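K.L.:
Structure: protein.txt, compact mmCIF, C-alpha atoms.
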```txt
# COMPACT_ATOMS: atom_id res chain seq x y z
CA MET A 1 48.25 -21.59 27.51
CA ASN A 2 49.65 -22.98 30.75
CA THR A 3 46.72 -24.10 32.89
CA ASP A 4 48.77 -23.76 36.09
CA ASN A 5 48.43 -20.04 36.82
CA SER A 6 49.24 -20.19 40.52
CA GLN A 7 51.98 -17.54 40.40
CA THR A 8 49.73 -15.15 38.50
CA GLN A 9 46.88 -15.63 40.97
CA ALA A 10 49.16 -15.03 43.96
CA LEU A 11 50.44 -11.77 42.52
CA LEU A 12 46.96 -10.56 41.57
CA GLU A 13 45.77 -11.20 45.11
CA ALA A 14 48.74 -9.26 46.48
CA LYS A 15 47.96 -6.39 44.14
CA GLN A 16 44.38 -6.24 45.36
CA GLN A 17 45.60 -6.04 48.95
CA HIS A 18 48.36 -3.48 48.52
CA VAL A 19 47.34 -1.21 45.60
CA PRO A 20 44.25 1.06 45.53
CA ARG A 21 41.33 0.05 43.33
CA GLY A 22 41.66 3.25 41.29
CA LEU A 23 44.65 1.71 39.50
CA VAL A 24 42.95 -0.78 37.20
CA ASN A 25 44.76 -3.36 35.08
CA ALA A 26 43.43 -3.89 31.58
CA HIS A 27 44.57 -7.52 31.76
CA PRO A 28 45.05 -9.95 34.68
CA VAL A 29 48.52 -10.77 33.36
CA THR A 30 51.63 -10.80 35.56
CA LEU A 31 54.58 -9.82 33.43
CA ASP A 32 57.86 -11.72 33.82
CA ARG A 33 59.91 -10.83 30.75
CA ALA A 34 59.53 -9.29 27.30
CA GLN A 35 61.35 -8.90 24.01
CA GLY A 36 60.30 -7.06 20.87
CA ALA A 37 56.55 -7.55 20.45
CA GLU A 38 56.32 -10.57 22.78
CA LEU A 39 55.99 -10.99 26.51
CA TRP A 40 55.71 -13.89 28.93
CA ASP A 41 53.89 -14.06 32.25
CA LEU A 42 55.09 -15.65 35.49
CA ASP A 43 53.44 -18.93 34.51
CA GLY A 44 55.28 -19.09 31.18
CA ASN A 45 52.41 -18.04 28.92
CA ARG A 46 53.41 -16.10 25.78
CA PHE A 47 51.46 -13.08 24.58
CA LEU A 48 51.73 -10.73 21.63
CA ASP A 49 51.94 -7.25 23.09
CA PHE A 50 49.91 -4.85 20.94
CA VAL A 51 49.63 -2.35 23.79
CA GLY A 52 53.29 -1.48 24.25
CA GLY A 53 52.83 0.13 27.64
CA ILE A 54 50.17 2.28 25.90
CA GLY A 55 52.29 3.52 23.03
CA VAL A 56 55.60 3.66 24.89
CA LEU A 57 57.45 0.92 23.00
CA ASN A 58 57.45 1.91 19.33
CA ILE A 59 60.85 0.22 19.00
CA GLY A 60 59.76 -2.82 21.03
CA HIS A 61 60.72 -4.23 24.40
CA ASN A 62 64.41 -4.20 25.36
CA HIS A 63 65.83 -2.82 22.14
CA PRO A 64 69.59 -3.52 22.25
CA ALA A 65 70.50 0.11 21.47
CA VAL A 66 68.55 1.27 24.53
CA VAL A 67 69.95 -1.50 26.74
CA ASP A 68 73.52 -0.59 25.74
CA ALA A 69 72.99 3.15 26.25
CA VAL A 70 71.41 2.72 29.67
CA THR A 71 74.03 0.22 30.84
CA THR A 72 76.82 2.60 29.86
CA GLN A 73 75.16 5.61 31.51
CA LEU A 74 74.65 3.68 34.75
CA THR A 75 78.42 3.51 35.17
CA LYS A 76 78.69 7.31 34.91
CA VAL A 77 75.79 9.29 36.43
CA SER A 78 72.32 7.97 37.27
CA HIS A 79 70.81 11.26 38.46
CA ALA A 80 71.97 14.79 39.14
CA CYS A 81 68.89 17.06 38.65
CA ALA A 82 68.97 19.52 35.77
CA GLN A 83 68.20 22.39 38.15
CA VAL A 84 71.46 21.76 40.00
CA THR A 85 74.07 20.93 37.35
CA VAL A 86 74.44 20.70 33.60
CA TYR A 87 75.07 17.23 32.17
CA GLU A 88 75.69 16.01 28.66
CA PRO A 89 72.82 13.50 28.22
CA TYR A 90 70.24 16.24 28.84
CA LEU A 91 71.83 18.56 26.28
CA ASP A 92 72.20 15.74 23.74
CA VAL A 93 68.47 15.05 23.83
CA ALA A 94 67.56 18.75 23.77
CA LYS A 95 69.75 19.37 20.72
CA LYS A 96 68.35 16.37 18.86
CA LEU A 97 64.73 17.27 19.62
CA ASN A 98 65.32 20.88 18.57
CA GLN A 99 66.65 19.65 15.24
CA LEU A 100 63.81 17.16 14.76
CA VAL A 101 61.01 19.61 15.53
CA GLY A 102 62.61 22.93 14.61
CA GLN A 103 63.80 21.80 11.19
CA GLY A 104 66.33 24.62 11.01
CA ASP A 105 64.48 27.21 13.10
CA HIS A 106 65.66 28.22 16.57
CA PHE A 107 63.87 25.90 18.99
CA LYS A 108 64.47 25.07 22.64
CA THR A 109 63.55 22.04 24.77
CA VAL A 110 62.74 21.42 28.42
CA LEU A 111 62.74 17.81 29.63
CA LEU A 112 60.32 16.41 32.19
CA SER A 113 59.18 12.98 33.41
CA SER A 114 55.67 12.27 32.08
CA GLY A 115 53.28 13.26 29.35
CA ALA A 116 51.04 15.04 31.82
CA GLU A 117 53.99 17.10 33.05
CA ALA A 118 54.82 18.06 29.48
CA VAL A 119 51.26 19.25 28.91
CA GLU A 120 51.20 21.18 32.18
CA ASN A 121 54.46 22.91 31.32
CA ALA A 122 53.42 23.65 27.75
CA VAL A 123 50.40 25.51 29.12
CA LYS A 124 52.62 27.34 31.64
CA ILE A 125 54.97 28.36 28.85
CA ALA A 126 52.13 29.57 26.62
CA ARG A 127 50.58 31.57 29.44
CA GLY A 128 53.95 32.99 30.45
CA TYR A 129 54.66 34.08 26.88
CA THR A 130 51.25 35.58 26.06
CA ASN A 131 50.17 36.79 29.51
CA ARG A 132 46.76 35.33 28.68
CA PRO A 133 44.80 32.87 30.87
CA ALA A 134 42.52 30.77 28.66
CA VAL A 135 43.26 27.49 26.88
CA ILE A 136 41.11 25.65 24.35
CA SER A 137 41.30 21.87 24.03
CA PHE A 138 38.98 19.39 22.33
CA LYS A 139 36.18 17.03 23.23
CA GLY A 140 37.53 13.49 23.18
CA GLY A 141 41.08 14.69 23.73
CA PHE A 142 43.33 13.22 26.40
CA HIS A 143 46.12 15.20 28.04
CA GLY A 144 46.90 13.39 31.30
CA ARG A 145 45.59 12.59 34.76
CA THR A 146 46.89 15.59 36.71
CA LEU A 147 44.39 18.29 37.66
CA LEU A 148 45.15 20.48 34.65
CA GLY A 149 45.62 17.46 32.39
CA SER A 150 42.26 15.98 33.35
CA THR A 151 40.62 19.40 32.93
CA LEU A 152 42.03 19.68 29.41
CA THR A 153 40.89 16.12 28.69
CA GLY A 154 37.58 16.11 26.86
CA MET A 155 36.06 13.07 28.58
CA SER A 156 34.33 12.82 31.94
CA GLU A 157 34.50 9.18 33.11
CA PRO A 158 36.83 8.12 34.63
CA TYR A 159 39.09 11.16 34.47
CA LYS A 160 37.02 13.90 36.11
CA GLN A 161 34.25 12.39 38.19
CA ASN A 162 34.52 13.33 41.89
CA PHE A 163 37.89 15.04 41.34
CA GLY A 164 36.65 18.62 40.99
CA PRO A 165 36.62 21.48 41.01
CA MET A 166 38.56 21.41 37.78
CA ALA A 167 41.14 24.01 36.73
CA GLY A 168 39.71 27.28 35.45
CA GLU A 169 39.82 28.98 32.05
CA ILE A 170 39.74 25.72 30.06
CA TYR A 171 37.25 25.44 27.19
CA HIS A 172 36.45 22.48 24.94
CA ALA A 173 35.80 22.66 21.21
CA THR A 174 34.51 19.92 18.92
CA TYR A 175 36.99 17.59 17.19
CA PRO A 176 36.32 16.28 13.66
CA ASN A 177 34.96 12.74 13.42
CA GLU A 178 34.08 11.68 9.90
CA PHE A 179 32.56 8.38 11.01
CA ARG A 180 30.13 10.19 13.32
CA GLY A 181 29.40 12.98 10.85
CA ILE A 182 31.37 15.79 12.53
CA SER A 183 33.06 17.80 9.79
CA VAL A 184 36.06 20.11 9.82
CA GLU A 185 33.64 23.00 9.43
CA ASP A 186 31.68 21.84 12.49
CA ALA A 187 34.88 21.77 14.55
CA LEU A 188 36.04 25.21 13.42
CA THR A 189 32.58 26.66 14.02
CA SER A 190 32.70 25.38 17.59
CA ILE A 191 35.88 27.40 18.17
CA ASP A 192 34.20 30.49 16.74
CA ASP A 193 31.29 29.86 19.11
CA ILE A 194 33.71 29.78 22.06
CA PHE A 195 35.20 33.08 20.91
CA THR A 196 31.73 34.59 20.57
CA SER A 197 29.99 33.33 23.68
CA VAL A 198 32.63 32.28 26.24
CA VAL A 199 36.06 33.89 25.86
CA THR A 200 37.42 36.37 23.32
CA PRO A 201 40.49 35.27 21.34
CA ASP A 202 42.66 38.01 22.85
CA ARG A 203 42.37 36.18 26.19
CA VAL A 204 43.31 32.75 24.79
CA ALA A 205 46.90 31.73 25.46
CA ALA A 206 46.88 28.41 23.60
CA ILE A 207 44.95 25.83 21.67
CA ILE A 208 46.16 22.29 22.36
CA VAL A 209 45.31 19.53 19.89
CA GLU A 210 46.26 15.92 19.19
CA SER A 211 47.04 15.22 15.53
CA VAL A 212 45.44 11.83 16.20
CA GLN A 213 43.23 11.56 19.26
CA GLY A 214 44.59 8.61 21.22
CA ASP A 215 42.36 7.73 24.14
CA GLY A 216 39.52 9.48 22.33
CA GLY A 217 39.33 6.78 19.68
CA PHE A 218 42.25 7.04 17.22
CA LEU A 219 40.64 9.84 15.26
CA ALA A 220 43.09 11.43 12.83
CA ALA A 221 42.65 15.16 12.35
CA PRO A 222 42.13 15.98 8.65
CA ALA A 223 45.04 17.96 7.22
CA SER A 224 42.72 20.85 6.36
CA PHE A 225 41.63 21.09 10.00
CA LEU A 226 45.17 21.39 11.34
CA GLN A 227 46.06 23.83 8.57
CA GLN A 228 43.10 26.10 9.34
CA LEU A 229 43.81 25.77 13.06
CA ARG A 230 47.36 26.97 12.38
CA GLU A 231 46.01 29.95 10.41
CA LEU A 232 43.52 30.82 13.14
CA THR A 233 46.09 30.72 15.93
CA GLU A 234 48.48 32.89 13.93
CA GLN A 235 45.67 35.37 13.24
CA TYR A 236 44.97 35.87 16.94
CA GLY A 237 48.46 35.42 18.39
CA ILE A 238 47.47 32.16 20.08
CA VAL A 239 50.12 29.53 20.80
CA LEU A 240 49.41 26.28 18.94
CA ILE A 241 50.41 23.24 21.02
CA CYS A 242 50.47 19.88 19.27
CA ASP A 243 50.23 17.00 21.75
CA GLU A 244 52.28 14.26 20.07
CA ILE A 245 52.63 12.12 23.16
CA GLN A 246 50.97 9.05 21.61
CA ALA A 247 51.13 9.88 17.89
CA GLY A 248 54.78 10.90 17.87
CA PHE A 249 57.97 8.99 17.17
CA GLY A 250 56.88 7.35 13.96
CA ARG A 251 53.56 5.89 15.02
CA THR A 252 51.73 7.56 12.11
CA GLY A 253 54.46 6.87 9.56
CA LYS A 254 56.03 10.29 10.02
CA MET A 255 58.11 11.42 12.97
CA PHE A 256 55.19 13.48 14.29
CA GLY A 257 51.54 13.29 13.31
CA TYR A 258 51.17 16.98 12.49
CA GLU A 259 53.72 16.58 9.68
CA HIS A 260 50.99 14.97 7.56
CA ALA A 261 49.33 18.41 7.43
CA GLY A 262 52.54 20.25 6.60
CA ILE A 263 52.28 22.63 9.56
CA LYS A 264 54.76 23.73 12.21
CA PRO A 265 53.30 24.16 15.73
CA ASP A 266 54.63 26.67 18.23
CA LEU A 267 55.04 24.02 20.93
CA VAL A 268 55.15 20.22 20.75
CA THR A 269 54.72 17.85 23.67
CA THR A 270 56.25 14.41 23.41
CA ALA A 271 56.74 11.49 25.81
CA LYS A 272 55.85 7.77 25.69
CA SER A 273 58.12 6.31 22.96
CA LEU A 274 60.67 9.11 23.34
CA ALA A 275 62.87 7.06 25.69
CA GLY A 276 62.11 3.45 24.80
CA GLY A 277 60.34 2.62 28.05
CA PHE A 278 62.01 5.06 30.44
CA PRO A 279 60.09 7.97 32.01
CA LEU A 280 60.93 11.06 29.97
CA SER A 281 58.91 13.79 28.31
CA ALA A 282 59.62 17.07 26.59
CA VAL A 283 58.20 20.38 25.53
CA VAL A 284 59.90 21.50 22.33
CA GLY A 285 59.13 24.90 20.87
CA LYS A 286 60.07 28.18 19.30
CA ALA A 287 62.85 29.76 21.33
CA ASP A 288 61.09 33.06 22.08
CA ILE A 289 57.99 31.26 23.33
CA MET A 290 59.99 28.74 25.36
CA ASP A 291 61.76 31.67 27.03
CA GLY A 292 58.42 33.15 28.13
CA PRO A 293 58.67 31.89 31.74
CA LYS A 294 61.19 33.71 33.92
CA PRO A 295 64.30 31.92 35.28
CA GLY A 296 63.20 29.32 37.82
CA GLY A 297 59.76 28.96 36.27
CA LEU A 298 60.44 25.54 34.76
CA GLY A 299 61.89 22.31 36.10
CA GLY A 300 61.26 19.22 38.18
CA THR A 301 63.38 16.93 40.30
CA TYR A 302 63.44 14.00 37.89
CA GLY A 303 62.91 15.87 34.62
CA GLY A 304 65.65 14.94 32.19
CA ASN A 305 67.03 12.12 34.34
CA ALA A 306 70.42 11.09 32.96
CA ILE A 307 69.53 7.43 32.42
CA ALA A 308 66.26 8.29 30.66
CA CYS A 309 68.15 10.81 28.53
CA ALA A 310 70.71 8.21 27.52
CA ALA A 311 67.87 5.95 26.42
CA ALA A 312 66.16 8.78 24.52
CA SER A 313 69.35 9.77 22.73
CA ALA A 314 69.74 6.19 21.51
CA VAL A 315 66.09 6.08 20.44
CA ILE A 316 66.33 9.31 18.46
CA ASP A 317 69.45 8.03 16.70
CA LEU A 318 67.51 4.97 15.55
CA TYR A 319 65.10 7.26 13.71
CA THR A 320 67.56 9.83 12.36
CA LYS A 321 70.52 7.75 11.20
CA ASP A 322 68.28 6.19 8.55
CA ASP A 323 64.56 6.28 7.84
CA SER A 324 63.98 2.53 8.02
CA LEU A 325 61.81 2.76 11.15
CA LEU A 326 59.48 5.29 9.53
CA ALA A 327 59.39 3.24 6.35
CA LEU A 328 58.56 0.14 8.40
CA ALA A 329 55.77 2.02 10.19
CA ARG A 330 54.19 2.86 6.85
CA GLN A 331 54.71 -0.58 5.32
CA ARG A 332 53.70 -2.65 8.35
CA GLY A 333 50.84 -0.26 9.08
CA HIS A 334 49.48 -0.83 5.57
CA PHE A 335 49.87 -4.59 5.97
CA PHE A 336 48.01 -4.62 9.28
CA GLU A 337 45.31 -2.23 8.07
CA GLU A 338 44.59 -4.52 5.12
CA GLY A 339 44.11 -7.37 7.59
CA LEU A 340 41.75 -5.29 9.72
CA LEU A 341 39.74 -4.27 6.65
CA ALA A 342 39.36 -7.96 5.75
CA LEU A 343 37.94 -8.58 9.23
CA LYS A 344 35.57 -5.63 8.79
CA HIS A 345 34.17 -7.27 5.66
CA GLN A 346 33.75 -10.53 7.56
CA PHE A 347 32.17 -9.14 10.75
CA SER A 348 29.46 -6.51 10.41
CA LYS A 349 29.87 -5.34 14.01
CA ILE A 350 33.28 -3.95 13.08
CA ALA A 351 31.87 -0.66 11.85
CA ASP A 352 35.07 1.22 11.13
CA VAL A 353 38.79 0.68 10.60
CA ARG A 354 40.71 3.90 11.01
CA GLY A 355 43.91 5.59 11.97
CA LEU A 356 47.06 6.90 10.38
CA GLY A 357 50.15 4.90 9.50
CA PHE A 358 50.60 2.26 12.19
CA MET A 359 48.23 3.99 14.64
CA LEU A 360 45.18 1.83 13.90
CA ALA A 361 41.89 0.96 15.56
CA ILE A 362 38.55 -0.76 14.99
CA GLU A 363 35.20 0.55 16.21
CA ILE A 364 32.70 -2.03 17.45
CA VAL A 365 28.93 -1.47 17.32
CA SER A 366 25.84 -3.44 18.26
CA ASP A 367 24.23 -3.01 14.88
CA SER A 368 25.79 -1.88 11.61
CA ASP A 369 22.64 0.00 10.60
CA THR A 370 22.41 2.19 13.70
CA ALA A 371 26.16 2.23 14.54
CA GLN A 372 25.22 2.09 18.23
CA GLU A 373 28.36 1.90 20.37
CA ASN A 374 28.80 -1.31 22.38
CA ALA A 375 31.42 -1.07 25.11
CA ALA A 376 30.43 -4.40 26.68
CA LEU A 377 31.04 -6.23 23.41
CA VAL A 378 34.46 -4.59 23.15
CA GLN A 379 35.42 -5.78 26.62
CA ASP A 380 34.32 -9.31 25.73
CA LEU A 381 36.43 -9.15 22.58
CA ILE A 382 39.47 -7.85 24.46
CA ASP A 383 39.15 -10.67 27.00
CA GLU A 384 38.85 -13.27 24.25
CA CYS A 385 41.87 -11.82 22.44
CA ARG A 386 43.86 -12.34 25.63
CA ARG A 387 42.73 -15.94 25.84
CA GLN A 388 43.95 -16.34 22.26
CA GLY A 389 47.30 -14.79 23.24
CA LEU A 390 46.89 -11.20 22.03
CA LEU A 391 46.93 -8.18 24.35
CA VAL A 392 45.01 -5.10 23.21
CA ILE A 393 43.19 -2.27 24.99
CA LYS A 394 40.20 -0.06 24.33
CA CYS A 395 39.71 3.64 23.73
CA GLY A 396 37.04 6.04 22.47
CA THR A 397 34.70 8.33 24.35
CA GLN A 398 32.22 5.43 24.63
CA ARG A 399 35.02 2.84 25.12
CA ASN A 400 33.87 0.88 22.07
CA VAL A 401 37.10 1.11 20.08
CA ILE A 402 40.05 -1.30 20.17
CA ARG A 403 43.46 0.24 19.47
CA PHE A 404 46.58 -1.51 18.24
CA LEU A 405 50.04 -0.30 19.25
CA PRO A 406 52.61 -2.95 18.29
CA PRO A 407 56.26 -2.01 17.75
CA LEU A 408 56.87 -0.32 14.41
CA ASN A 409 59.41 -3.03 13.53
CA THR A 410 57.06 -5.95 14.25
CA SER A 411 57.57 -8.71 11.69
CA GLU A 412 54.85 -9.56 9.21
CA SER A 413 54.76 -13.08 10.64
CA ILE A 414 53.83 -11.75 14.09
CA LEU A 415 51.32 -9.34 12.56
CA SER A 416 49.74 -12.26 10.72
CA GLU A 417 49.68 -14.29 13.93
CA ALA A 418 47.95 -11.40 15.70
CA LEU A 419 45.37 -11.06 12.93
CA THR A 420 44.62 -14.79 13.21
CA MET A 421 44.15 -14.45 16.98
CA LEU A 422 41.90 -11.43 16.45
CA ARG A 423 39.85 -13.23 13.81
CA ASP A 424 39.38 -16.26 16.06
CA ALA A 425 38.30 -13.98 18.90
CA CYS A 426 35.85 -12.19 16.59
CA LYS A 427 34.32 -15.52 15.56
CA ILE A 428 33.60 -16.30 19.20
CA VAL A 429 32.43 -12.85 20.33
CA LEU A 430 30.99 -11.17 17.23
CA GLY A 431 29.52 -14.28 15.60
```
Could I get this file's structure written as structure tokens?

P.N.:
Amino acid sequence: MNTDNSQTQALLEAKQQHVPRGLVNAHPVTLDRAQGAELWDLDGNRFLDFVGGIGVLNIGHNHPAVVDAVTTQLTKVSHACAQVTVYEPYLDVAKKLNQLVGQGDHFKTVLLSSGAEAVENAVKIARGYTNRPAVISFKGGFHGRTLLGSTLTGMSEPYKQNFGPMAGEIYHATYPNEFRGISVEDALTSIDDIFTSVVTPDRVAAIIVESVQGDGGFLAAPASFLQQLRELTEQYGIVLICDEIQAGFGRTGKMFGYEHAGIKPDLVTTAKSLAGGFPLSAVVGKADIMDGPKPGGLGGTYGGNAIACAAASAVIDLYTKDDSLLALARQRGHFFEEGLLALKHQFSKIADVRGLGFMLAIEIVSDSDTAQENAALVQDLIDECRRQGLLVIKCGTQRNVIRFLPPLNTSESILSEALTMLRDACKIVLG
């Protein structure tokens, strides 16, 4: 590490002066440039980036296919607004997403700018189609920082405190968590309890679920849970929305996380790695449901921006022209998981290694016997990882889980280097 960090300090001081305290940085690192799974700060220090803009860079920083597509599009049209004119990049992405998600069925796509916007619009579409008001989400789920998104989110701090009143007609069910003893049956029973004591199913427009809870702790939904959820929503005419914003685009080893359960949702929200670092999101769904809102009911000034669409089209092609990225996600995910399991055997305070494919996390506890969450220890470990040269962030309802989101095509040599950095940090922090 470069001991002269004067440029970093100057920028951090400027940030404190000009940006509100509500926007917190996980790391006091001032980014200068990045490539693949590596980045360098203004003082020349190199880091392994296992955050990826929080799951945005599944193909890594500055992938040449994205750079070429964006550069070409910049010479044509940068922005036109999809509510004003029709342009080819928007339709290209819509067609490709309809094929990816619809798998032969008639699907339609609306493009937006952020994951939260996709969630908001998915709920609008479900309500417009069913003419019902209520939505069920899950404890520990995360669906954005807008008013509706934070209401759907199943965590209080820091997403809801002092921001109320929250949006109405939102109800939270229990999500399965094998490590904490919450079974599929427990989760399904909690939905029945909502139907019995809070809102009848004929008033529920949608159930929104993450196939793998991201911010909630990298909890993968058992296949049987998603399958029974699909059956339940079909029974009552409820729209099933799968939030694939973090789990999608190969992170779990399949294109979308729900594919592991063999189900087909009514609506899918996607964002993050959709456009290789550019702000773009989508709601993709069955055509009749997507047409629920009347003309003029959907849109947004920047939704489906031409440059972001050009990037997304290139990204989708990387996945669909051959399956090497998905194969890499499975292979490299297995390699990295084996390394994490070895650390679990070495350090008793690593209580759990979990995830799906290359969407992996470790849960840290104070004591292996009681499994008491320890958020402070996690923060110490994250800080020490940074000093070793590895950037990671936390998650979990108690913030005692560390998640790993490297590019799917990260080399085994870099994965091994990261595991060495993590092990050295664990020796210092976990003993």

K.L.:
Kindly indicate which residue among A:Ile393, A:Asp380, A:Thr410, A:Lys160 lies nearest to A:Ile428, using all atoms listed in the file for the distances.

P.N.:
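Comparing A:Ile393, A:Asp380, A:Thr410, A:Lys160 against A:Ile428, the winner is A:Asp380.
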
K.L.:
Give me the stretch 291-393 of chain A side of the contact with stretch 275-283 of chain A, cut-off 10 Å, one line per residue showing its nearest atom pair and distance in Å at one decimal, counting all atoms listed in the file, sorted by chain and residue number, as a Markdown table.

P.N.:
```
| residue | atom | partner | partner_atom | distance |
| --- | --- | --- | --- | --- |
| A:Tyr302 | CA | A:Leu280 | CA | 8.8 |
| A:Gly303 | CA | A:Leu280 | CA | 7.0 |
| A:Gly304 | CA | A:Leu280 | CA | 6.5 |
| A:Asn305 | CA | A:Leu280 | CA | 7.6 |
| A:Ala306 | CA | A:Leu280 | CA | 9.9 |
| A:Ile307 | CA | A:Phe278 | CA | 8.1 |
| A:Ala308 | CA | A:Phe278 | CA | 5.3 |
| A:Cys309 | CA | A:Ala275 | CA | 7.1 |
| A:Ala310 | CA | A:Ala275 | CA | 8.1 |
| A:Ala311 | CA | A:Ala275 | CA | 5.2 |
| A:Ala312 | CA | A:Ala275 | CA | 3.9 |
| A:Ser313 | CA | A:Ala275 | CA | 7.6 |
| A:Ala314 | CA | A:Ala275 | CA | 8.1 |
| A:Val315 | CA | A:Ala275 | CA | 6.2 |
| A:Ile316 | CA | A:Ala275 | CA | 8.3 |
```

K.L.:
Please indicate the distance in Å from atom CA of A:Ser411 to atom CA of A:Val93, rounded to one decimal place.

P.N.:
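Separating atom CA of A:Ser411 from atom CA of A:Val93 is a distance of 28.8 Å.
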
K.L.:
Under the rule that only C-alpha atoms are counted, which of A:Val204, A:Ala351, A:Ala34, A:Met155 is the nearest residue to A:Gly52?

P.N.:
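Counting only C-alpha atoms, the residue closest to A:Gly52 is A:Ala34.
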
K.L.:
Select, from A:Tyr236, A:Trp40, A:Phe336, A:Phe107, the residue with the minimum atom-to-atom distance to A:Arg132, counting all atoms listed in the file.

P.N.:
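Checking each candidate against A:Arg132, we get A:Tyr236 as the closest.
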
K.L.:
Just the residues within 7 Å of A:Val212, please, counting all atoms listed in the file, with nothing from its chain fewer than 6 positions along; format it as a PyMOL selection string.

P.N.:
chain A and resi 218-221+247+257
